[in-house]
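Asks: Encoded as structure tokens, here's the structure I'll be asking about.
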Amino acid sequence: MTTGTAATAATATDAPGRSFRPLAGVLTAMAVSVTGTRVSAIALPWFVLATTGSATMTGLVAFAEMAPYVAVKALTGPLVDRLGPRVVSWTTDAVSAVAAGLVPLLHAQGLLPFWVLLVMVAVIGAMRGPGDLAKSVMVPEAADHARVPMERATGLSGVTERLASTIGPAVGGGLVALMGPLAGLAINAVTFALGSLIIAVALPRGMGRPAVPTTAADPAADPALDPAVDASGEEQPAGYWRMFREGFTFLRSEPLLLTVIVMIGITNLIDAGFITVLVPVWARESGNGPAAIGLLAASMGATAVVGSLIAAAVASRLPRRTVFFTGFLLCGAPRFLVLALGAPMWLVITVFAIGGFGSGFLNPILGAVLFERVPRHLLGRVHALGDSLAWAGIPLGGLVAGAAVATVGLIPSLIAAGALYFATTTLAGLRPEWREMDRLRGRSGRADSVADASGVVGTGDAGDAGDAGDAAVEPEPARSA
């Protein structure tokens, strides 16, 4: 069991059986996956804008990817727990590699009408959901092997994501500017294939196995939760819908996680429209081009790496609530305002860089809160449901932003989005649930030892309560909650 104290971490250095290989393997696979996704996040919208000239169609492509991502991810939590995150991760990445590779191939042959592009993008989104979930679920297991505090493990995960989010846009922007958007889409296919290979081959044997099925403490309390029994009288694994219901019941009993999900859900919707439509349209109308998109994302990602490194080192000793909302204040509304005001490029880069630093603290905190509050055998289900609810608005973000730009123009859309972002992150901080963020600091899967009569692990307190890993993984710049 990990703790949040420096003394425990120091003692663990000499503990027998310590291995960094699982953590390094999972983080490497995450880095490869995120890099490819960030390259595609620039190449795909620019490809659609270049071939159609339509902000609305660009938003539709974003919807086609993210709607399946959210829907499939919500339903695959029990499968991740039953099949094991390792199997789910490498198989879904392999399918994504094939779908992503078909896009440039079909376009080169003149066989890529818009509806076929939507289908390919939808397949990628449907596979990415469970693939991202599976990698995140393996982080606490890898942290146990490495014997590091959970906040440090989630901090390293955040550093990995932010570093990949720096390299990816820089590579993507350069590739699109020099070779066209199809080169970026081809790179995305290669990274999916490499990520699948790392998870399938490089991780130690036994890593990412299925979770142990739960059994009811008192089946008579709820016959619907009574585990199946075969003819020999031996207990069988719980069914899919029972496992799904257990995750939902646990999440519903956690006010803090639910509050996080609602707030991140709103900011995710706004961020999705900002990234997939507002920034590309700004780059086109300002004349800065796709290289500027990559430059902004890279500057934000670079400082986010610094923030994540600091969070990994000292977040276990900082007040979570204060750091969390300060991070959102830095990475939220200022980005929208600086683009709306037509500021010079040096000022835009500065604002994005400051925002990136603030965003680097968010996912380590969210991930630690999630892993502390959710028992391990429920982690896949709760994580899937939390992520999906928090990401539910992402498919609509591009559609809403595209419609807003077409209706009122870019500048009013930026101002309205920034105002909503500020109100959401400021007002949410007034909720009483946020005081719970520090109460279970340093206790991994604390609810494993507390079971209610229905067999669903309880909270131990009615007041207890997401990303990347987190109850809610927010996308760039604030993401993979």
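If you're wondering about the labels, chains in the structure tokens are A, B, ... by order shown, residues count from 1 in each chain, ligands from 1 in order shown.
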Determine which residues of region 169-417 of chain A receive a DSSP assignment of alpha helix (DSSP H), computed from the backbone, and state them as a short mmCIF file (atom, residue, chain, number, x, y, z; two decimals) with C-alpha atoms, in the first residue's frame.
Replies:
```cif
data_model
loop_
_atom_site.label_atom_id
_atom_site.label_comp_id
_atom_site.auth_asym_id
_atom_site.auth_seq_id
_atom_site.Cartn_x
_atom_site.Cartn_y
_atom_site.Cartn_z
CA PRO A 169 1.79 19.33 -31.39
CA ALA A 170 5.29 20.52 -32.30
CA VAL A 171 5.75 17.52 -34.59
CA GLY A 172 2.19 17.81 -35.86
CA GLY A 173 2.41 21.50 -36.65
CA GLY A 174 5.71 21.06 -38.47
CA LEU A 175 4.54 18.04 -40.44
CA VAL A 176 1.31 19.71 -41.51
CA ALA A 177 3.12 22.89 -42.54
CA LEU A 178 5.86 21.05 -44.46
CA MET A 179 4.24 17.86 -45.74
CA PRO A 181 -2.01 16.88 -42.87
CA LEU A 182 -1.93 13.31 -44.21
CA ALA A 183 1.64 12.87 -42.94
CA GLY A 184 0.39 13.62 -39.43
CA LEU A 185 -2.41 11.07 -39.78
CA ALA A 186 0.12 8.44 -40.88
CA ILE A 187 2.24 9.16 -37.79
CA ASN A 188 -0.86 8.60 -35.64
CA ALA A 189 -1.26 5.10 -37.11
CA VAL A 190 2.38 4.25 -36.36
CA THR A 191 2.11 5.37 -32.73
CA PHE A 192 -1.01 3.25 -32.17
CA ALA A 193 0.86 0.20 -33.48
CA LEU A 194 3.90 0.92 -31.31
CA GLY A 195 1.76 1.44 -28.21
CA SER A 196 0.04 -1.90 -28.80
CA LEU A 197 3.42 -3.64 -29.10
CA TYR A 240 -21.60 -7.78 -16.82
CA TRP A 241 -24.61 -5.75 -15.68
CA ARG A 242 -24.06 -6.58 -12.03
CA MET A 243 -20.46 -5.39 -12.34
CA PHE A 244 -21.64 -2.26 -14.14
CA ARG A 245 -24.23 -1.60 -11.43
CA GLU A 246 -21.65 -2.00 -8.67
CA GLY A 247 -19.48 0.68 -10.26
CA PHE A 248 -22.46 3.01 -10.71
CA THR A 249 -23.65 2.47 -7.13
CA PHE A 250 -20.24 3.26 -5.73
CA LEU A 251 -19.82 6.39 -7.85
CA ARG A 252 -23.27 7.63 -6.86
CA PRO A 255 -20.27 13.43 -3.60
CA LEU A 256 -16.73 14.70 -4.21
CA LEU A 257 -16.21 12.60 -7.33
CA LEU A 258 -19.64 13.59 -8.66
CA THR A 259 -18.86 17.29 -8.13
CA VAL A 260 -15.53 16.87 -9.92
CA ILE A 261 -17.27 15.14 -12.83
CA VAL A 262 -19.84 17.90 -13.32
CA MET A 263 -17.26 20.69 -13.27
CA ILE A 264 -14.78 18.90 -15.52
CA GLY A 265 -17.63 17.93 -17.84
CA ILE A 266 -18.43 21.59 -18.52
CA THR A 267 -14.79 22.62 -18.97
CA ASN A 268 -14.19 19.63 -21.23
CA LEU A 269 -17.03 20.72 -23.51
CA ILE A 270 -15.58 24.21 -23.77
CA ASP A 271 -12.01 22.94 -24.25
CA ALA A 272 -13.12 20.56 -26.99
CA GLY A 273 -14.64 23.39 -28.99
CA VAL A 279 -8.00 27.71 -32.38
CA PRO A 280 -7.82 26.34 -35.96
CA VAL A 281 -10.22 29.06 -37.16
CA TRP A 282 -8.16 31.70 -35.30
CA ALA A 283 -4.98 30.36 -36.94
CA ARG A 284 -6.55 30.57 -40.39
CA GLU A 285 -8.16 34.00 -39.97
CA SER A 286 -5.09 35.54 -38.33
CA GLY A 289 -1.37 28.94 -40.09
CA PRO A 290 -1.05 25.41 -38.65
CA ALA A 291 2.49 26.03 -37.36
CA ALA A 292 1.02 28.53 -34.87
CA ILE A 293 -1.35 25.85 -33.53
CA GLY A 294 1.60 23.58 -32.89
CA LEU A 295 3.62 26.39 -31.33
CA LEU A 296 0.86 27.32 -28.88
CA ALA A 297 0.23 23.71 -27.90
CA ALA A 298 3.96 23.06 -27.54
CA SER A 299 4.52 26.14 -25.36
CA MET A 300 1.62 25.15 -23.16
CA GLY A 301 2.78 21.56 -23.03
CA ALA A 302 6.35 22.48 -22.11
CA THR A 303 5.32 24.50 -19.08
CA ALA A 304 2.73 21.84 -18.19
CA VAL A 305 5.62 19.37 -17.97
CA VAL A 306 7.31 21.67 -15.48
CA GLY A 307 4.10 21.98 -13.48
CA SER A 308 3.59 18.22 -13.50
CA LEU A 309 7.18 17.61 -12.37
CA ILE A 310 6.70 20.00 -9.46
CA ALA A 311 3.37 18.35 -8.66
CA ALA A 312 4.99 14.90 -8.69
CA ALA A 313 7.68 16.11 -6.29
CA VAL A 314 5.72 18.24 -3.81
CA ARG A 320 -5.05 20.24 -2.91
CA ARG A 321 -8.08 22.51 -3.07
CA THR A 322 -6.07 25.73 -3.29
CA VAL A 323 -3.64 24.36 -5.86
CA PHE A 324 -6.44 22.82 -7.93
CA PHE A 325 -8.47 25.98 -8.39
CA THR A 326 -5.41 28.18 -8.83
CA GLY A 327 -4.37 25.89 -11.66
CA PHE A 328 -7.76 26.29 -13.33
CA LEU A 329 -7.61 30.06 -12.91
CA LEU A 330 -4.32 30.15 -14.81
CA CYS A 331 -5.19 27.71 -17.58
CA ALA A 333 -10.30 31.98 -19.32
CA PRO A 334 -7.05 33.89 -20.14
CA ARG A 335 -6.45 31.70 -23.21
CA PHE A 336 -9.79 32.65 -24.72
CA LEU A 337 -9.42 36.34 -23.93
CA VAL A 338 -5.95 36.74 -25.44
CA LEU A 339 -7.10 35.27 -28.75
CA ALA A 340 -10.27 37.37 -28.78
CA MET A 345 1.94 36.37 -30.92
CA TRP A 346 4.51 36.79 -28.13
CA LEU A 347 1.75 37.65 -25.65
CA VAL A 348 -0.44 34.76 -26.82
CA ILE A 349 2.45 32.35 -26.31
CA THR A 350 3.13 33.80 -22.84
CA VAL A 351 -0.48 33.39 -21.73
CA PHE A 352 -0.61 29.82 -23.03
CA ALA A 353 2.68 29.02 -21.30
CA ILE A 354 1.40 30.33 -17.95
CA GLY A 355 -1.79 28.36 -18.44
CA GLY A 356 0.19 25.22 -19.16
CA PHE A 357 2.09 25.56 -15.89
CA GLY A 358 -1.18 25.77 -13.96
CA SER A 359 -2.71 22.82 -15.80
CA LEU A 362 -4.52 19.27 -12.13
CA ASN A 363 -4.32 15.64 -13.23
CA PRO A 364 -1.88 14.52 -10.49
CA ILE A 365 -4.34 15.81 -7.88
CA LEU A 366 -7.39 14.33 -9.61
CA GLY A 367 -5.67 11.00 -10.16
CA ALA A 368 -4.57 10.72 -6.53
CA VAL A 369 -8.08 11.55 -5.28
CA LEU A 370 -9.59 8.87 -7.53
CA PHE A 371 -7.14 6.12 -6.62
CA GLU A 372 -7.46 6.90 -2.90
CA ARG A 373 -11.24 6.72 -2.89
CA LEU A 379 -11.39 0.84 -10.43
CA GLY A 380 -12.09 -0.04 -14.07
CA ARG A 381 -15.84 0.38 -13.72
CA VAL A 382 -15.78 3.57 -11.67
CA HIS A 383 -13.00 5.08 -13.77
CA ALA A 384 -14.89 4.30 -16.99
CA LEU A 385 -18.15 5.79 -15.75
CA GLY A 386 -16.47 8.86 -14.27
CA ASP A 387 -14.44 9.53 -17.40
CA SER A 388 -17.42 9.03 -19.69
CA LEU A 389 -19.69 11.34 -17.73
CA ALA A 390 -16.96 13.98 -17.55
CA ILE A 394 -16.64 16.68 -25.60
CA PRO A 395 -18.40 15.29 -28.69
CA LEU A 396 -20.68 18.33 -28.64
CA GLY A 397 -17.86 20.84 -28.13
CA GLY A 398 -16.79 20.96 -31.76
CA LEU A 399 -20.40 21.09 -32.99
CA VAL A 400 -21.31 23.93 -30.63
CA ALA A 401 -18.15 25.89 -31.43
CA GLY A 402 -18.58 25.38 -35.16
CA ALA A 403 -22.20 26.56 -35.02
CA ALA A 404 -21.24 29.54 -32.85
CA VAL A 405 -18.51 30.67 -35.25
CA ALA A 406 -20.88 30.30 -38.20
CA THR A 407 -23.59 32.28 -36.37
CA VAL A 408 -21.88 35.10 -34.45
CA LEU A 410 -14.97 33.96 -33.89
CA ILE A 411 -14.43 36.80 -31.40
CA PRO A 412 -17.88 36.68 -29.71
CA SER A 413 -17.54 32.90 -29.50
CA LEU A 414 -14.16 33.19 -27.78
CA ILE A 415 -15.44 35.75 -25.27
CA ALA A 416 -18.56 33.74 -24.41
CA ALA A 417 -16.58 30.51 -24.00
#
```
Asks: For Met30 (chain A), list every protein, DNA or RNA residue within 9 Å, evaluated using only C-alpha atoms, and leave out those in the same chain fewer than 3 positions away; present the list as a PyMOL selection string.
Replies: chain A and resi 25-27+33-35+132+135-136+157+160-161+164+195
Asks: Write the residues of the selection above to a file with N, CA, C and O atoms, as a PDB file, in the first residue's frame.
Replies:
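Heads up, here's the output in part39.pdb:
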```pdb
ATOM      1  N   GLY A  25       6.979   0.880 -18.378  1.00  0.00           N
ATOM      2  CA  GLY A  25       6.284   0.356 -19.551  1.00  0.00           C
ATOM      3  C   GLY A  25       4.956   1.040 -19.795  1.00  0.00           C
ATOM      4  O   GLY A  25       4.636   1.428 -20.925  1.00  0.00           O
ATOM      5  N   VAL A  26       4.174   1.192 -18.723  1.00  0.00           N
ATOM      6  CA  VAL A  26       2.870   1.849 -18.862  1.00  0.00           C
ATOM      7  C   VAL A  26       3.040   3.299 -19.289  1.00  0.00           C
ATOM      8  O   VAL A  26       2.333   3.791 -20.187  1.00  0.00           O
ATOM      9  N   LEU A  27       3.983   4.004 -18.671  1.00  0.00           N
ATOM     10  CA  LEU A  27       4.190   5.409 -19.010  1.00  0.00           C
ATOM     11  C   LEU A  27       4.704   5.563 -20.442  1.00  0.00           C
ATOM     12  O   LEU A  27       4.335   6.515 -21.141  1.00  0.00           O
ATOM     13  N   SER A  33       1.099   6.856 -27.197  1.00  0.00           N
ATOM     14  CA  SER A  33      -0.296   7.050 -27.583  1.00  0.00           C
ATOM     15  C   SER A  33      -0.675   8.526 -27.618  1.00  0.00           C
ATOM     16  O   SER A  33      -1.303   9.006 -28.568  1.00  0.00           O
ATOM     17  N   VAL A  34      -0.303   9.254 -26.564  1.00  0.00           N
ATOM     18  CA  VAL A  34      -0.670  10.670 -26.488  1.00  0.00           C
ATOM     19  C   VAL A  34       0.033  11.475 -27.577  1.00  0.00           C
ATOM     20  O   VAL A  34      -0.550  12.381 -28.175  1.00  0.00           O
ATOM     21  N   THR A  35       1.297  11.136 -27.869  1.00  0.00           N
ATOM     22  CA  THR A  35       2.026  11.854 -28.922  1.00  0.00           C
ATOM     23  C   THR A  35       1.290  11.740 -30.252  1.00  0.00           C
ATOM     24  O   THR A  35       1.073  12.729 -30.957  1.00  0.00           O
ATOM     25  N   ASP A 132      -7.414   3.936 -23.634  1.00  0.00           N
ATOM     26  CA  ASP A 132      -6.939   4.928 -22.661  1.00  0.00           C
ATOM     27  C   ASP A 132      -7.298   4.511 -21.240  1.00  0.00           C
ATOM     28  O   ASP A 132      -6.508   4.661 -20.304  1.00  0.00           O
ATOM     29  N   LYS A 135      -4.924   1.686 -19.911  1.00  0.00           N
ATOM     30  CA  LYS A 135      -3.595   2.166 -19.507  1.00  0.00           C
ATOM     31  C   LYS A 135      -3.661   2.877 -18.164  1.00  0.00           C
ATOM     32  O   LYS A 135      -2.790   2.721 -17.302  1.00  0.00           O
ATOM     33  N   SER A 136      -4.690   3.705 -17.978  1.00  0.00           N
ATOM     34  CA  SER A 136      -4.823   4.442 -16.730  1.00  0.00           C
ATOM     35  C   SER A 136      -5.053   3.508 -15.548  1.00  0.00           C
ATOM     36  O   SER A 136      -4.513   3.715 -14.462  1.00  0.00           O
ATOM     37  N   SER A 157       2.678  10.220 -14.382  1.00  0.00           N
ATOM     38  CA  SER A 157       1.745  10.032 -15.495  1.00  0.00           C
ATOM     39  C   SER A 157       1.393  11.365 -16.135  1.00  0.00           C
ATOM     40  O   SER A 157       1.335  11.490 -17.364  1.00  0.00           O
ATOM     41  N   THR A 160       4.352  12.590 -18.140  1.00  0.00           N
ATOM     42  CA  THR A 160       4.415  11.855 -19.401  1.00  0.00           C
ATOM     43  C   THR A 160       3.420  12.412 -20.405  1.00  0.00           C
ATOM     44  O   THR A 160       3.751  12.640 -21.581  1.00  0.00           O
ATOM     45  N   GLU A 161       2.204  12.617 -19.950  1.00  0.00           N
ATOM     46  CA  GLU A 161       1.174  13.140 -20.844  1.00  0.00           C
ATOM     47  C   GLU A 161       1.526  14.536 -21.335  1.00  0.00           C
ATOM     48  O   GLU A 161       1.384  14.857 -22.518  1.00  0.00           O
ATOM     49  N   ALA A 164       4.427  14.430 -23.830  1.00  0.00           N
ATOM     50  CA  ALA A 164       3.931  13.979 -25.124  1.00  0.00           C
ATOM     51  C   ALA A 164       3.060  15.043 -25.779  1.00  0.00           C
ATOM     52  O   ALA A 164       3.056  15.197 -27.004  1.00  0.00           O
ATOM     53  N   GLY A 195       2.348   1.548 -29.543  1.00  0.00           N
ATOM     54  CA  GLY A 195       1.764   1.439 -28.205  1.00  0.00           C
ATOM     55  C   GLY A 195       1.211   0.053 -27.938  1.00  0.00           C
ATOM     56  O   GLY A 195       1.356  -0.498 -26.833  1.00  0.00           O
TER      57      GLY A 195
END
```
Asks: Find, counting only C-alpha atoms, the residue in A:Met120, A:Val139, A:Leu133, A:Leu163 that gets nearest to Ala64 (chain A).
Replies: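 Residue with the minimum atom-to-atom distance to Ala64 (chain A): A:Met120.
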Asks: When distances are computed from only C-alpha atoms, which of A:Gly59, A:Pro22, A:Gly418, A:Pro319 shows the smallest separation from Leu203 (chain A)?
Replies: A:Pro22
Asks: My list of candidates is A:Gly84, A:Leu44, A:Trp90, A:Gly409. Which is closest to Ala202 (chain A) when distances are computed with only C-alpha atoms?
Replies: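 Smallest distance to Ala202 (chain A) is found for A:Trp90.
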Asks: Out of A:Pro68, A:Gly77, A:Pro85, A:Pro113, which residue has the shortest atom-to-atom distance to Met127 (chain A) when counting only C-alpha atoms?
Replies: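 Nearest candidate to Met127 (chain A) out of A:Pro68, A:Gly77, A:Pro85, A:Pro113: A:Pro68.
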Asks: Between CA of Arg317 (chain A) and CA of Ala29 (chain A), what is the spacing in Å?
Replies: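 Between CA of Ala29 (chain A) and CA of Arg317 (chain A) the gap is 28.8 Å.
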Asks: Here is a test: counting only C-alpha atoms, which residue of A:Val32, A:Leu112, A:Thr426, A:Glu433 is nearest to Ile167 (chain A)?
Replies: A:Val32
